[in-house]
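One structure is given here, and the rest of the page talks about it.
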Amino acid sequence: MIAFPLTTVTPPARPRPALAHSAGLVWTLVRTDFKVRYHGTVAGFLWALLKPFTMFAVLMGVFSFVFASDPHYKINLIVALFLWDFFAEATKVGLTSLYAKAYLLTKARFPSWILVVASTSNAVITLCVFSGVIVTFLALSGRPPSLGALGWFVVYLAQYFLMVVGFSLATSVLFLRYRDLNQVWEVVSQAGFFVAPIIYPLEILPERFHFYLYLWPPTAVIQFSRMVLVDGVVPSARAHLFLLGVTAVMLAAGVLIFKRHAPRAAEYL
């Protein structure tokens with residue numbers, strides 16, 4: 001008689017799907033960055049909102065007399081400031097994301113693009129909070145945006161995020177080789193604050209210059225968001241195609257540059 005073993009063989013555990021693993025890693029990095037950034041502070045996350053609100057108060061004190069004839073100047077200014085603050089903050093941390101997390105690249109194996117995307121999490125959270133605040137303010141002031149306007153606003157924010165991701169993917173790997181890139185971008189972004197229609201209405205400039213201002217990515221998002229939220233006007237189909245084209249170009253360029261240089265990223269750390 002043949003004796004069979006009484007113990008059962010447990011089949012090996014199935015490997016965790018790559019997508020679920022990547023999502024879990026992103027979530028871990030987001031939570032860690034958020035906790036580390038505001039750990040030990042009294043106001044916590046409110047510090048992220050204090051900077052644009054302070055800038056709003058200063059600019060209102062300076063330019064409210066210049067644009068006193070525009071009844072929507074205040075709300076247009078604060079919308080633009082928060083959108084700009086997201087772009088400036090997210091691109092700044094995205095550019096140095098791989099360098100800042102170099103210890104993870106050399107000690108663990110995972111797609112390095114995760115570090116780039118996760119680095120923008122704090123800026124994304126701030127932008128989401130702002131969006132809720134601004135919509136609530138408009139509703140309380142008797143000018144609630146329609147559902148269609150809110151839908152378009154979400155679309156603009158999604159494209160804005162993809163622009164930042166594309167930029168960050170490209171610059172994060174290039175920064176490992178060209179360390180001056182950080183300083184160059186700081187100068188460019190400071191100049192870009194005045195290129196985008198933040199402290200002034202776009203309409204005060206001759207129309208022949210508008211196209212060149214729209215080549216600066218934040219301009220279209222700021223202007224279109226103002227139109228749908230404040231003015232209740234939806235931009236034309238041509239304008240939407242232009243924004244979609246800019247988003248696609250920035251994201252595609254970022255992905256291509258990242259794919260080309262990322263495999264050798266560890267050599268420059």
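Scheme for the structure tokens: letters A, B, ... for chains in order shown; per-chain residue numbers from 1; ligand numbers from 1 in order shown.
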Next on the checklist: Could you list, as JSON, numbers by chain, every residue within 7 Å of segment 187-199 of chain A, counting only C-alpha atoms and ignoring same-chain residues fewer than 3 positions away?
Outcome noted: {"A": [77, 80, 81, 88, 183, 184, 202, 213, 218, 219]}
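Ranking A:Phe82, A:Leu229, A:Ala237, A:Trp113 by their shortest atom-to-atom distance to Lys101 of chain A, with only C-alpha atoms included, puts A:Trp113 first.
Minimum atom-to-atom distance to Gly151 of chain A, evaluated using only C-alpha atoms, belongs to A:Ser225 out of A:Val116, A:Thr96, A:Ser225, A:Ile125.
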Checklist entry - Nearest to Ala239 of chain A among A:Val129, A:Leu251, A:Val164, A:Ala220, with distances taken over only C-alpha atoms: which residue is it? => result A:Ala220
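As for atom CA of Ala170 of chain A and atom CA of Lys259 of chain A, they are spaced 9.0 Å apart.
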Checklist entry - Using only C-alpha atoms, which residues sit within 10 Å of segment 130-136 of chain A once same-chain residues fewer than 2 positions away are excluded, as a ChimeraX atom specification? => result /A:49,75,78-79,82-83,124-128,138-141,143-145,150,153-154,157,229-230
Checklist entry - Could you pull out the helix (DSSP H, G or I) residues of segment 190-226 of chain A from DSSP and send them as a count of residues only? => result 27
Checklist entry - Quick one: of A:Ala100, A:Arg226, A:Thr171, A:Val233, who's nearest to Leu256 of chain A, counting only C-alpha atoms? => result A:Thr171
